[in-house]
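Have a look at target_15.txt below; it lists compact mmCIF, C-alpha atoms and all ligand atoms.
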# COMPACT_ATOMS: atom_id res chain seq x y z
CA MET A 222 0.00 0.00 0.00
CA LEU A 223 2.81 2.42 0.89
CA ASP A 224 4.59 1.57 -2.38
CA SER A 225 1.40 2.27 -4.36
CA GLY A 226 1.57 5.94 -3.36
CA ILE A 227 -2.22 6.13 -2.84
CA LEU A 228 -2.60 6.78 0.85
CA ALA A 229 -6.02 8.38 1.38
CA GLN A 230 -9.40 6.98 0.41
CA GLY A 231 -8.01 4.87 -2.39
CA PRO A 232 -8.52 1.26 -3.53
CA ARG A 233 -8.06 -0.30 -0.09
CA VAL A 234 -10.78 1.87 1.39
CA LYS A 235 -13.05 0.73 -1.45
CA ALA A 236 -12.15 -2.94 -0.88
CA PHE A 237 -12.71 -2.55 2.87
CA GLU A 238 -16.11 -0.93 2.25
CA GLU A 239 -17.12 -3.77 -0.07
CA GLY A 240 -16.00 -6.44 2.39
CA PHE A 241 -17.75 -4.74 5.31
CA ALA A 242 -20.99 -4.33 3.34
CA GLU A 243 -20.91 -8.03 2.49
CA MET A 244 -20.34 -8.97 6.14
CA CYS A 245 -23.42 -6.92 7.13
CA GLY A 246 -25.54 -8.14 4.22
CA VAL A 247 -26.13 -4.66 2.77
CA PRO A 248 -25.29 -3.20 -0.65
CA HIS A 249 -23.49 -0.08 0.61
CA ALA A 250 -20.81 0.74 3.17
CA ILE A 251 -19.04 4.09 3.56
CA ALA A 252 -15.79 4.29 5.51
CA THR A 253 -15.16 7.27 7.77
CA SER A 254 -12.48 8.47 10.16
CA SER A 255 -14.22 7.20 13.35
CA GLY A 256 -17.44 5.83 14.80
CA THR A 257 -18.29 9.34 15.93
CA THR A 258 -17.97 10.76 12.42
CA ALA A 259 -19.95 7.79 11.05
CA LEU A 260 -22.81 8.70 13.43
CA HIS A 261 -22.53 12.42 12.62
CA THR A 262 -22.52 11.75 8.87
CA ALA A 263 -25.46 9.32 9.04
CA LEU A 264 -27.56 11.82 11.00
CA LEU A 265 -26.75 14.62 8.52
CA ALA A 266 -27.50 12.34 5.55
CA HIS A 267 -31.00 11.90 7.00
CA SER A 268 -31.30 15.71 7.19
CA ILE A 269 -31.47 15.76 10.99
CA GLY A 270 -30.74 19.20 12.37
CA PRO A 271 -31.89 22.08 14.57
CA GLY A 272 -35.42 21.67 15.94
CA ASP A 273 -35.39 17.87 15.58
CA GLU A 274 -35.41 15.29 18.37
CA VAL A 275 -33.64 11.94 18.27
CA ILE A 276 -34.61 9.20 20.73
CA THR A 277 -31.64 7.31 22.11
CA SER A 278 -30.23 5.44 25.09
CA PRO A 279 -28.81 7.18 28.15
CA PHE A 280 -26.63 4.12 28.85
CA THR A 281 -23.94 4.35 26.20
CA PHE A 282 -20.67 5.97 25.25
CA ILE A 283 -21.08 9.74 25.03
CA ALA A 284 -20.59 9.80 21.22
CA SER A 285 -24.07 8.30 20.59
CA ALA A 286 -25.73 11.42 22.03
CA ASN A 287 -23.03 13.97 21.20
CA SER A 288 -23.33 13.19 17.49
CA VAL A 289 -26.98 14.29 17.73
CA LEU A 290 -25.88 17.55 19.38
CA PHE A 291 -23.33 18.15 16.57
CA THR A 292 -26.23 18.39 14.09
CA GLY A 293 -28.11 20.92 16.25
CA ALA A 294 -30.81 18.36 17.13
CA ARG A 295 -31.71 17.29 20.69
CA PRO A 296 -31.13 13.81 22.09
CA VAL A 297 -34.17 12.53 24.00
CA PHE A 298 -33.33 9.74 26.42
CA VAL A 299 -35.52 6.69 26.96
CA ASP A 300 -34.71 4.26 29.75
CA ILE A 301 -33.18 0.85 29.13
CA ASP A 302 -34.27 -2.74 29.64
CA PRO A 303 -32.74 -4.06 32.89
CA ILE A 304 -31.74 -7.39 31.33
CA THR A 305 -30.27 -6.40 27.97
CA PHE A 306 -29.06 -2.87 28.95
CA ASN A 307 -30.48 -1.72 25.58
CA LEU A 308 -33.20 0.84 24.82
CA ASP A 309 -36.53 -0.41 26.22
CA PRO A 310 -38.95 -0.37 23.25
CA ARG A 311 -41.95 -0.31 25.62
CA LEU A 312 -40.98 3.25 26.59
CA ILE A 313 -40.26 4.71 23.15
CA GLU A 314 -43.76 5.73 22.05
CA ALA A 315 -44.32 7.91 25.13
CA ALA A 316 -41.21 9.92 24.17
CA ILE A 317 -42.32 10.64 20.59
CA THR A 318 -43.33 14.27 19.90
CA PRO A 319 -44.06 16.16 16.66
CA ARG A 320 -40.33 17.04 16.61
CA THR A 321 -39.11 13.44 16.74
CA LYS A 322 -37.25 12.58 13.57
CA ALA A 323 -35.26 9.46 14.41
CA ILE A 324 -34.61 6.60 16.81
CA LEU A 325 -30.96 5.88 17.49
CA PRO A 326 -30.77 2.48 19.22
CA VAL A 327 -27.38 1.44 20.61
CA HIS A 328 -26.48 -2.26 20.40
CA LEU A 329 -24.53 -2.15 23.64
CA TYR A 330 -21.77 -4.59 24.64
CA GLY A 331 -22.23 -6.63 21.41
CA LEU A 332 -25.94 -7.42 21.77
CA SER A 333 -28.58 -6.32 19.29
CA CYS A 334 -31.52 -4.23 20.46
CA ASP A 335 -35.07 -5.56 20.05
CA MET A 336 -35.18 -4.55 16.38
CA ASP A 337 -38.64 -5.97 15.56
CA SER A 338 -40.23 -3.60 18.08
CA ILE A 339 -38.02 -0.63 17.18
CA MET A 340 -38.55 -0.99 13.42
CA SER A 341 -42.30 -1.35 13.83
CA ILE A 342 -42.55 1.80 16.04
CA ALA A 343 -40.37 3.67 13.52
CA LYS A 344 -42.58 2.58 10.64
CA GLU A 345 -45.78 3.55 12.41
CA HIS A 346 -44.47 7.04 13.22
CA SER A 347 -42.44 7.55 10.01
CA LEU A 348 -39.15 7.83 11.88
CA VAL A 349 -35.65 7.16 10.63
CA VAL A 350 -33.61 4.47 12.43
CA ILE A 351 -29.88 5.01 12.84
CA GLU A 352 -28.25 2.05 14.56
CA ASP A 353 -25.26 2.69 16.76
CA ALA A 354 -23.54 -0.65 16.17
CA CYS A 355 -20.16 0.72 17.27
CA GLN A 356 -19.79 -2.18 19.76
CA SER A 357 -21.48 -4.93 17.74
CA HIS A 358 -19.59 -5.94 14.60
CA GLY A 359 -21.14 -9.15 13.31
CA ALA A 360 -23.92 -9.39 15.93
CA ILE A 361 -27.12 -11.00 14.67
CA TYR A 362 -30.80 -10.33 15.34
CA LYS A 363 -33.18 -12.99 13.99
CA GLY A 364 -30.87 -13.96 11.14
CA HIS A 365 -29.84 -10.43 10.16
CA ARG A 366 -26.67 -8.56 11.03
CA VAL A 367 -26.91 -5.35 13.01
CA GLY A 368 -26.36 -2.39 10.74
CA SER A 369 -28.75 -3.86 8.14
CA PHE A 370 -32.04 -2.68 9.70
CA GLY A 371 -31.73 1.10 9.51
CA THR A 372 -28.61 3.10 8.69
CA GLY A 373 -25.80 1.35 10.57
CA THR A 374 -22.78 2.99 12.17
CA PHE A 375 -19.67 1.21 13.43
CA SER A 376 -16.49 2.20 15.27
CA LEU A 377 -13.14 0.67 14.36
CA TYR A 378 -11.32 1.93 17.43
CA PRO A 379 -8.63 -0.47 18.76
CA THR A 380 -10.70 -1.80 21.68
CA LYS A 381 -13.51 -2.97 19.39
CA ASN A 382 -14.07 -6.56 18.16
CA MET A 383 -12.24 -5.49 15.00
CA THR A 384 -10.17 -2.39 14.35
CA SER A 385 -8.51 -0.29 11.70
CA GLY A 386 -6.47 1.72 14.22
CA GLU A 387 -9.04 4.50 14.16
CA GLY A 388 -11.97 4.47 11.80
CA GLY A 389 -15.68 4.10 11.28
CA MET A 390 -18.17 2.60 8.83
CA ILE A 391 -21.70 3.44 7.75
CA THR A 392 -23.91 0.69 6.30
CA THR A 393 -27.15 1.14 4.39
CA ASN A 394 -29.57 -0.49 1.96
CA ASP A 395 -30.46 2.93 0.53
CA PRO A 396 -28.36 4.16 -2.42
CA VAL A 397 -29.49 7.78 -1.91
CA ILE A 398 -28.35 7.80 1.74
CA ALA A 399 -25.08 6.11 0.71
CA GLU A 400 -24.40 8.84 -1.84
CA LYS A 401 -25.23 11.60 0.67
CA CYS A 402 -22.82 10.06 3.19
CA ARG A 403 -20.05 9.97 0.58
CA VAL A 404 -20.58 13.64 -0.23
CA ILE A 405 -20.71 14.75 3.43
CA ARG A 406 -17.53 12.76 4.13
CA GLN A 407 -15.65 14.72 1.49
CA HIS A 408 -16.43 18.44 1.93
CA GLY A 409 -19.80 18.34 0.18
CA MET A 410 -18.03 17.58 -3.08
CA ARG A 411 -19.63 15.59 -5.94
CA ARG A 412 -17.36 16.97 -8.66
CA ARG A 413 -13.77 17.81 -7.84
CA TYR A 414 -13.64 21.29 -6.24
CA TYR A 415 -17.34 21.98 -6.75
CA HIS A 416 -19.06 22.15 -3.35
CA ASP A 417 -22.84 21.92 -3.41
CA GLU A 418 -23.32 21.60 0.34
CA LEU A 419 -21.49 21.77 3.65
CA GLY A 420 -19.35 18.73 4.34
CA PHE A 421 -16.35 17.65 6.37
CA ASN A 422 -13.08 15.79 6.03
CA PHE A 423 -14.24 12.49 7.57
CA ARG A 424 -12.20 10.32 5.18
CA MET A 425 -10.45 7.08 6.04
CA THR A 426 -6.88 6.51 4.86
CA ASP A 427 -5.76 3.44 2.89
CA LEU A 428 -3.34 2.70 5.73
CA HIS A 429 -6.25 2.27 8.11
CA ALA A 430 -8.29 0.37 5.52
CA ALA A 431 -5.44 -2.14 4.99
CA VAL A 432 -5.50 -2.91 8.73
CA GLY A 433 -9.30 -3.02 8.72
CA LEU A 434 -9.42 -5.47 5.80
CA ALA A 435 -7.02 -7.85 7.54
CA GLN A 436 -9.11 -7.62 10.71
CA LEU A 437 -12.38 -8.15 8.85
CA HIS A 438 -11.17 -11.60 7.78
CA LYS A 439 -10.57 -12.48 11.44
CA LEU A 440 -13.83 -11.07 12.83
CA GLU A 441 -15.82 -14.32 12.84
CA ARG A 442 -12.99 -16.15 14.60
CA PHE A 443 -12.55 -13.36 17.16
CA ASN A 444 -16.30 -13.34 17.82
CA GLN A 445 -16.43 -17.14 18.20
CA ILE A 446 -13.64 -17.05 20.78
CA ARG A 447 -15.36 -14.22 22.65
CA ARG A 448 -18.62 -16.23 22.70
CA ALA A 449 -16.82 -19.36 23.96
CA ASN A 450 -15.10 -17.31 26.70
CA ALA A 451 -18.45 -15.79 27.68
CA ILE A 452 -20.07 -19.24 27.90
CA TYR A 453 -17.23 -20.43 30.16
CA LEU A 454 -17.60 -17.39 32.43
CA SER A 455 -21.39 -17.65 32.62
CA THR A 456 -21.19 -21.37 33.43
CA HIS A 457 -18.73 -20.92 36.29
CA LEU A 458 -19.23 -17.48 37.85
CA GLU A 459 -21.15 -17.30 41.12
CA GLY A 460 -22.73 -14.43 43.05
CA VAL A 461 -23.05 -12.00 40.12
CA ILE A 462 -25.77 -11.63 37.49
CA THR A 463 -24.33 -12.86 34.19
CA PRO A 464 -25.47 -11.65 30.74
CA ARG A 465 -28.65 -13.16 29.32
CA VAL A 466 -28.97 -13.45 25.55
CA PRO A 467 -32.54 -13.09 24.22
CA GLN A 468 -33.76 -15.75 21.82
CA GLY A 469 -32.88 -15.03 18.21
CA CYS A 470 -29.84 -12.91 19.13
CA GLU A 471 -26.22 -13.77 18.55
CA HIS A 472 -24.18 -11.75 21.04
CA VAL A 473 -20.60 -10.88 20.02
CA PHE A 474 -19.52 -9.93 23.57
CA HIS A 475 -17.64 -6.74 22.88
CA GLN A 476 -17.98 -6.60 26.66
CA TYR A 477 -18.84 -9.35 29.10
CA THR A 478 -20.77 -7.35 31.66
CA VAL A 479 -22.11 -8.65 34.96
CA ARG A 480 -24.25 -6.95 37.58
CA VAL A 481 -22.87 -6.83 41.10
CA GLN A 482 -25.64 -6.13 43.58
CA GLY A 483 -25.63 -4.99 47.19
CA GLY A 484 -23.38 -1.98 46.59
CA ARG A 485 -20.32 -4.25 46.18
CA ARG A 486 -19.37 -3.46 42.57
CA ASP A 487 -16.47 -1.14 43.38
CA LEU A 488 -15.22 -3.53 46.08
CA LEU A 489 -15.10 -6.36 43.54
CA ARG A 490 -13.29 -4.10 41.10
CA THR A 491 -10.63 -3.28 43.70
CA TYR A 492 -10.34 -6.97 44.65
CA LEU A 493 -9.79 -7.92 41.00
CA GLN A 494 -7.21 -5.16 40.64
CA GLU A 495 -5.34 -6.52 43.68
CA HIS A 496 -5.26 -9.89 41.92
CA GLU A 497 -4.04 -8.28 38.67
CA ILE A 498 -7.28 -8.88 36.79
CA GLY A 499 -8.45 -5.97 34.66
CA SER A 500 -12.08 -4.88 34.73
CA GLU A 501 -13.91 -1.71 33.72
CA VAL A 502 -17.18 0.08 34.31
CA TYR A 503 -19.04 0.88 31.09
CA TYR A 504 -20.47 3.38 32.04
CA PRO A 505 -20.29 4.88 35.53
CA VAL A 506 -22.43 7.94 34.64
CA PRO A 507 -25.40 7.74 32.25
CA VAL A 508 -25.36 10.41 29.55
CA HIS A 509 -28.24 12.50 30.98
CA GLN A 510 -26.29 12.83 34.25
CA GLN A 511 -22.98 13.87 32.69
CA ILE A 512 -21.99 17.39 33.74
CA TYR A 513 -22.31 18.74 30.20
CA TYR A 514 -25.84 17.37 29.82
CA LYS A 515 -27.14 18.05 33.33
CA GLY A 516 -25.24 21.20 34.23
CA VAL A 517 -24.83 22.94 30.88
CA LEU A 518 -27.75 21.68 28.76
CA GLY A 519 -30.13 21.41 31.73
CA TYR A 520 -31.29 17.79 31.38
CA THR A 521 -33.36 16.80 34.43
CA ASP A 522 -34.45 13.28 33.38
CA SER A 523 -34.92 10.53 35.91
CA LEU A 524 -34.06 7.21 34.25
CA PRO A 525 -33.87 4.75 37.14
CA VAL A 526 -32.97 1.58 35.21
CA ALA A 527 -29.97 3.22 33.53
CA GLU A 528 -28.94 4.86 36.79
CA GLN A 529 -29.04 1.53 38.65
CA ALA A 530 -27.11 -0.18 35.85
CA ALA A 531 -24.41 2.50 36.08
CA ALA A 532 -24.02 1.65 39.78
CA GLU A 533 -23.94 -2.13 39.31
CA VAL A 534 -22.25 -3.10 36.02
CA LEU A 535 -18.75 -4.45 35.77
CA SER A 536 -17.12 -5.73 32.58
CA LEU A 537 -14.72 -8.65 32.94
CA PRO A 538 -12.07 -9.70 30.39
CA VAL A 539 -13.56 -11.70 27.48
CA HIS A 540 -11.23 -10.87 24.58
CA SER A 541 -9.84 -13.44 22.18
CA GLY A 542 -6.34 -13.37 23.72
CA LEU A 543 -7.41 -14.98 27.02
CA SER A 544 -5.96 -18.40 27.89
CA GLN A 545 -7.80 -21.15 29.76
CA ALA A 546 -5.65 -20.28 32.79
CA ASP A 547 -6.77 -16.63 32.54
CA LEU A 548 -10.43 -17.68 32.44
CA GLU A 549 -9.99 -19.98 35.43
CA SER A 550 -8.25 -17.25 37.36
CA ILE A 551 -11.05 -14.72 36.64
CA VAL A 552 -13.67 -17.23 37.82
CA ALA A 553 -11.71 -18.25 40.93
CA THR A 554 -11.10 -14.63 41.95
CA VAL A 555 -14.72 -13.49 41.49
CA ASN A 556 -16.05 -16.57 43.31
CA GLU A 557 -13.54 -16.12 46.13
CA PHE A 558 -14.66 -12.48 46.53
CA ASN A 559 -18.23 -13.63 47.00
CA LYS A 560 -17.22 -15.73 49.98
CA ILE A 561 -15.68 -12.73 51.78
C1 LIG B 601 -21.60 2.91 21.58
C2 LIG B 601 -20.54 3.74 20.92
N1 LIG B 601 -20.91 4.73 20.10
C3 LIG B 601 -20.00 5.48 19.46
C4 LIG B 601 -18.65 5.29 19.62
C5 LIG B 601 -17.68 6.21 18.95
O1 LIG B 601 -16.73 5.57 18.17
P1 LIG B 601 -15.26 6.21 17.95
O2 LIG B 601 -14.55 6.11 19.25
O3 LIG B 601 -14.66 5.35 16.89
O4 LIG B 601 -15.47 7.61 17.50
C6 LIG B 601 -18.21 4.26 20.46
C7 LIG B 601 -16.77 3.96 20.61
O5 LIG B 601 -16.09 4.15 21.52
C8 LIG B 601 -19.18 3.47 21.15
O6 LIG B 601 -18.80 2.51 21.99
Please express the file's structure as structure tokens.
Ligand SMILES: Cc1ncc(COP(=O)(O)O)c(C=O)c1O
Amino acid sequence: MLDSGILAQGPRVKAFEEGFAEMCGVPHAIATSSGTTALHTALLAHSIGPGDEVITSPFTFIASANSVLFTGARPVFVDIDPITFNLDPRLIEAAITPRTKAILPVHLYGLSCDMDSIMSIAKEHSLVVIEDACQSHGAIYKGHRVGSFGTGTFSLYPTKNMTSGEGGMITTNDPVIAEKCRVIRQHGMRRRYYHDELGFNFRMTDLHAAVGLAQLHKLERFNQIRRANAIYLSTHLEGVITPRVPQGCEHVFHQYTVRVQGGRRDLLRTYLQEHEIGSEVYYPVPVHQQIYYKGVLGYTDSLPVAEQAAAEVLSLPVHSGLSQADLESIVATVNEFNKI
């Protein structure tokens, strides 16, 4: 690639886009510079802007909601399901107003949202669906990959199930949306140096695409190992609530997240740290309670399920580099803690 002299948005980006589209089962994929810019571009391609509302999850990485703010629209938070940690479709309709333009479900931790319910609400109210699949490469809902229901957005950041170093991807069945995304990604330019609309430099380089292509070929294997690790953990862990996978879903376990009840989550985290086992809290503060949202934007929502999840979740190692000894040590340490 370096010898070819074509470094930015060249043939490897195109090949990566084609491979990614095939993986998702859609005709179009558009590579971007990050998951955040993929979300931003997808929202703009659906003409979402000032005065619009976008329904999304409060229990996610900040970029899901911030990308809505970038367009001038307002994120409206709907509480999550306590079992899946994903947007609770039973609560969506009550949040719809005449300003609502889109639903932005987040497939958190590698598990698809309840897409039948979300797509049927969207259809009934003529809303756009933009899937934040930044944590769910390859995840399946009833036989279909995430990112193939609405307009899909993915992150290729190094911690994800596959990476390109930094990068993002948009997936769509709609050729018009695909074309709009391509134009927004490249300074609103359809013809070289003719700018019909406002766009950005959200391009991916061929360097990143070369890494992404190599990773794409390994995704299924990575995901299978993650699933096997998750099954081992769920079979052997005691005293914590392990993830439950709804029927029809294939989880790809970007995170293996347990609930620790009784106010002991942070104690377990410290105990694991003392035994040199990494763990992380995704996410300690729901978006509506972040200082920028609460203090600056004035959000006053009460979303008890998300707030309780933020106090109880703990993600344990599940990545494809774990050995059997690592898995046994994680299980032994968590189970030991529960006897203290
Ligand atoms: C749910 C979610 N949305 C959006 C993003 C943003 O992706 P990126 O970090 O590639 O901009 C991430 C990644 O961290 C994420 O986990």
- Top pick for closest residue to A:His540, considering A:Val349, A:Val247, A:Met383, A:Ala360 and counting all atoms listed in the file: A:Met383
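Nearest to A:Val367 of all the residues A:Ala315, A:Glu418, A:Gly270, A:Ala242 is A:Ala242, counting only C-alpha atoms.
Minimum distance to A:Asp302 across A:Ser278, A:Ser369, A:Ser544, A:Thr392 (counting only C-alpha atoms) occurs at A:Ser278.
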- Protein and nucleic acid residues within 7 Å of ligand LIG 601 (chain B) (only C-alpha atoms and all ligand atoms) as a ChimeraX atom specification: /A:255-258,281-282,284-285,327,329,353-356,376-378,387-389
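Proximity ranking of A:Thr393, A:Thr554, A:Asn444, A:Thr374 relative to A:His496 places A:Thr554 first, based on all atoms listed in the file.
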- Grab the atom CA of A:Gly420 to atom CA of A:Gln230 distance for me, in Å with one decimal place. 15.9 Å
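Proximity to A:Asn450 was assessed for A:Leu543, A:Ile462, A:Ala527, A:Tyr362 counting only C-alpha atoms; the smallest distance is recorded for A:Leu543.
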Contacts of A:Leu524 at 9 Å or less, counting all atoms listed in the file, minus same-chain residues fewer than 5 places along, as an mmCIF file with C-alpha atoms, in the frame of the given file?
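Saved to around.cif:
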data_model
loop_
_atom_site.group_PDB
_atom_site.id
_atom_site.type_symbol
_atom_site.label_atom_id
_atom_site.label_comp_id
_atom_site.auth_asym_id
_atom_site.auth_seq_id
_atom_site.Cartn_x
_atom_site.Cartn_y
_atom_site.Cartn_z
ATOM 1 C CA PRO A 279 -28.810 7.180 28.150
ATOM 2 C CA PHE A 298 -33.330 9.740 26.420
ATOM 3 C CA VAL A 299 -35.520 6.690 26.960
ATOM 4 C CA ASP A 300 -34.710 4.260 29.750
ATOM 5 C CA ILE A 301 -33.180 0.850 29.130
ATOM 6 C CA PRO A 507 -25.400 7.740 32.250
ATOM 7 C CA HIS A 509 -28.240 12.500 30.980
ATOM 8 C CA GLN A 529 -29.040 1.530 38.650
#
- A:Pro232 proximity check over A:Ser254, A:Thr426, A:Gln511, A:Thr521, using all atoms listed in the file: winner is A:Thr426
- Message: Just want the 12 Å neighbourhood of A:Val539, counted on all atoms listed in the file, with same-chain residues fewer than 4 positions away dropped. Output as a PyMOL selection string.
- Response: chain A and resi 330-331+380-382+443-455+473-479+498-501+543-545+547-548+551-552
May I have the residues from that selection written out with C-alpha atoms, as a JSON list (two decimals), in the frame of the given file?
[["chain", "number", "residue", "atom", "x", "y", "z"],
["A", 330, "TYR", "CA", -21.77, -4.59, 24.64],
["A", 331, "GLY", "CA", -22.23, -6.63, 21.41],
["A", 380, "THR", "CA", -10.70, -1.80, 21.68],
["A", 381, "LYS", "CA", -13.51, -2.97, 19.39],
["A", 382, "ASN", "CA", -14.07, -6.56, 18.16],
["A", 443, "PHE", "CA", -12.55, -13.36, 17.16],
["A", 444, "ASN", "CA", -16.30, -13.34, 17.82],
["A", 445, "GLN", "CA", -16.43, -17.14, 18.20],
["A", 446, "ILE", "CA", -13.64, -17.05, 20.78],
["A", 447, "ARG", "CA", -15.36, -14.22, 22.65],
["A", 448, "ARG", "CA", -18.62, -16.23, 22.70],
["A", 449, "ALA", "CA", -16.82, -19.36, 23.96],
["A", 450, "ASN", "CA", -15.10, -17.31, 26.70],
["A", 451, "ALA", "CA", -18.45, -15.79, 27.68],
["A", 452, "ILE", "CA", -20.07, -19.24, 27.90],
["A", 453, "TYR", "CA", -17.23, -20.43, 30.16],
["A", 454, "LEU", "CA", -17.60, -17.39, 32.43],
["A", 455, "SER", "CA", -21.39, -17.65, 32.62],
["A", 473, "VAL", "CA", -20.60, -10.88, 20.02],
["A", 474, "PHE", "CA", -19.52, -9.93, 23.57],
["A", 475, "HIS", "CA", -17.64, -6.74, 22.88],
["A", 476, "GLN", "CA", -17.98, -6.60, 26.66],
["A", 477, "TYR", "CA", -18.84, -9.35, 29.10],
["A", 478, "THR", "CA", -20.77, -7.35, 31.66],
["A", 479, "VAL", "CA", -22.11, -8.65, 34.96],
["A", 498, "ILE", "CA", -7.28, -8.88, 36.79],
["A", 499, "GLY", "CA", -8.45, -5.97, 34.66],
["A", 500, "SER", "CA", -12.08, -4.88, 34.73],
["A", 501, "GLU", "CA", -13.91, -1.71, 33.72],
["A", 543, "LEU", "CA", -7.41, -14.98, 27.02],
["A", 544, "SER", "CA", -5.96, -18.40, 27.89],
["A", 545, "GLN", "CA", -7.80, -21.15, 29.76],
["A", 547, "ASP", "CA", -6.77, -16.63, 32.54],
["A", 548, "LEU", "CA", -10.43, -17.68, 32.44],
["A", 551, "ILE", "CA", -11.05, -14.72, 36.64],
["A", 552, "VAL", "CA", -13.67, -17.23, 37.82]]
Using all atoms listed in the file, which protein or nucleic acid residues come within 12 Å of A:Gln407? Drop anything in the same chain fewer than 4 positions from it, and give the result as a PDB file with C-alpha atoms, keeping the file's coordinate frame.
ATOM      1  CA  ALA A 229      -6.020   8.380   1.380  1.00  0.00           C
ATOM      2  CA  GLN A 230      -9.400   6.980   0.410  1.00  0.00           C
ATOM      3  CA  ILE A 251     -19.040   4.090   3.560  1.00  0.00           C
ATOM      4  CA  ALA A 252     -15.790   4.290   5.510  1.00  0.00           C
ATOM      5  CA  THR A 253     -15.160   7.270   7.770  1.00  0.00           C
ATOM      6  CA  SER A 254     -12.480   8.470  10.160  1.00  0.00           C
ATOM      7  CA  THR A 258     -17.970  10.760  12.420  1.00  0.00           C
ATOM      8  CA  THR A 262     -22.520  11.750   8.870  1.00  0.00           C
ATOM      9  CA  GLU A 400     -24.400   8.840  -1.840  1.00  0.00           C
ATOM     10  CA  LYS A 401     -25.230  11.600   0.670  1.00  0.00           C
ATOM     11  CA  CYS A 402     -22.820  10.060   3.190  1.00  0.00           C
ATOM     12  CA  ARG A 403     -20.050   9.970   0.580  1.00  0.00           C
ATOM     13  CA  ARG A 411     -19.630  15.590  -5.940  1.00  0.00           C
ATOM     14  CA  ARG A 412     -17.360  16.970  -8.660  1.00  0.00           C
ATOM     15  CA  ARG A 413     -13.770  17.810  -7.840  1.00  0.00           C
ATOM     16  CA  TYR A 414     -13.640  21.290  -6.240  1.00  0.00           C
ATOM     17  CA  TYR A 415     -17.340  21.980  -6.750  1.00  0.00           C
ATOM     18  CA  HIS A 416     -19.060  22.150  -3.350  1.00  0.00           C
ATOM     19  CA  ASP A 417     -22.840  21.920  -3.410  1.00  0.00           C
ATOM     20  CA  GLU A 418     -23.320  21.600   0.340  1.00  0.00           C
ATOM     21  CA  LEU A 419     -21.490  21.770   3.650  1.00  0.00           C
ATOM     22  CA  GLY A 420     -19.350  18.730   4.340  1.00  0.00           C
ATOM     23  CA  PHE A 421     -16.350  17.650   6.370  1.00  0.00           C
ATOM     24  CA  ASN A 422     -13.080  15.790   6.030  1.00  0.00           C
ATOM     25  CA  PHE A 423     -14.240  12.490   7.570  1.00  0.00           C
ATOM     26  CA  ARG A 424     -12.200  10.320   5.180  1.00  0.00           C
ATOM     27  CA  MET A 425     -10.450   7.080   6.040  1.00  0.00           C
TER      28      MET A 425
END
- Message: as a PyMOL selection string, please: the residues near A:Leu535 (cut-off 12 Å, all atoms listed in the file, same-chain neighbours under 2 positions excluded).
- Response: chain A and resi 330+461-464+476-482+485-491+493+499-505+530-533+537-538+555
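Straight-line separation from atom CA of A:Leu458 to atom CA of A:Arg366: 29.2 Å.
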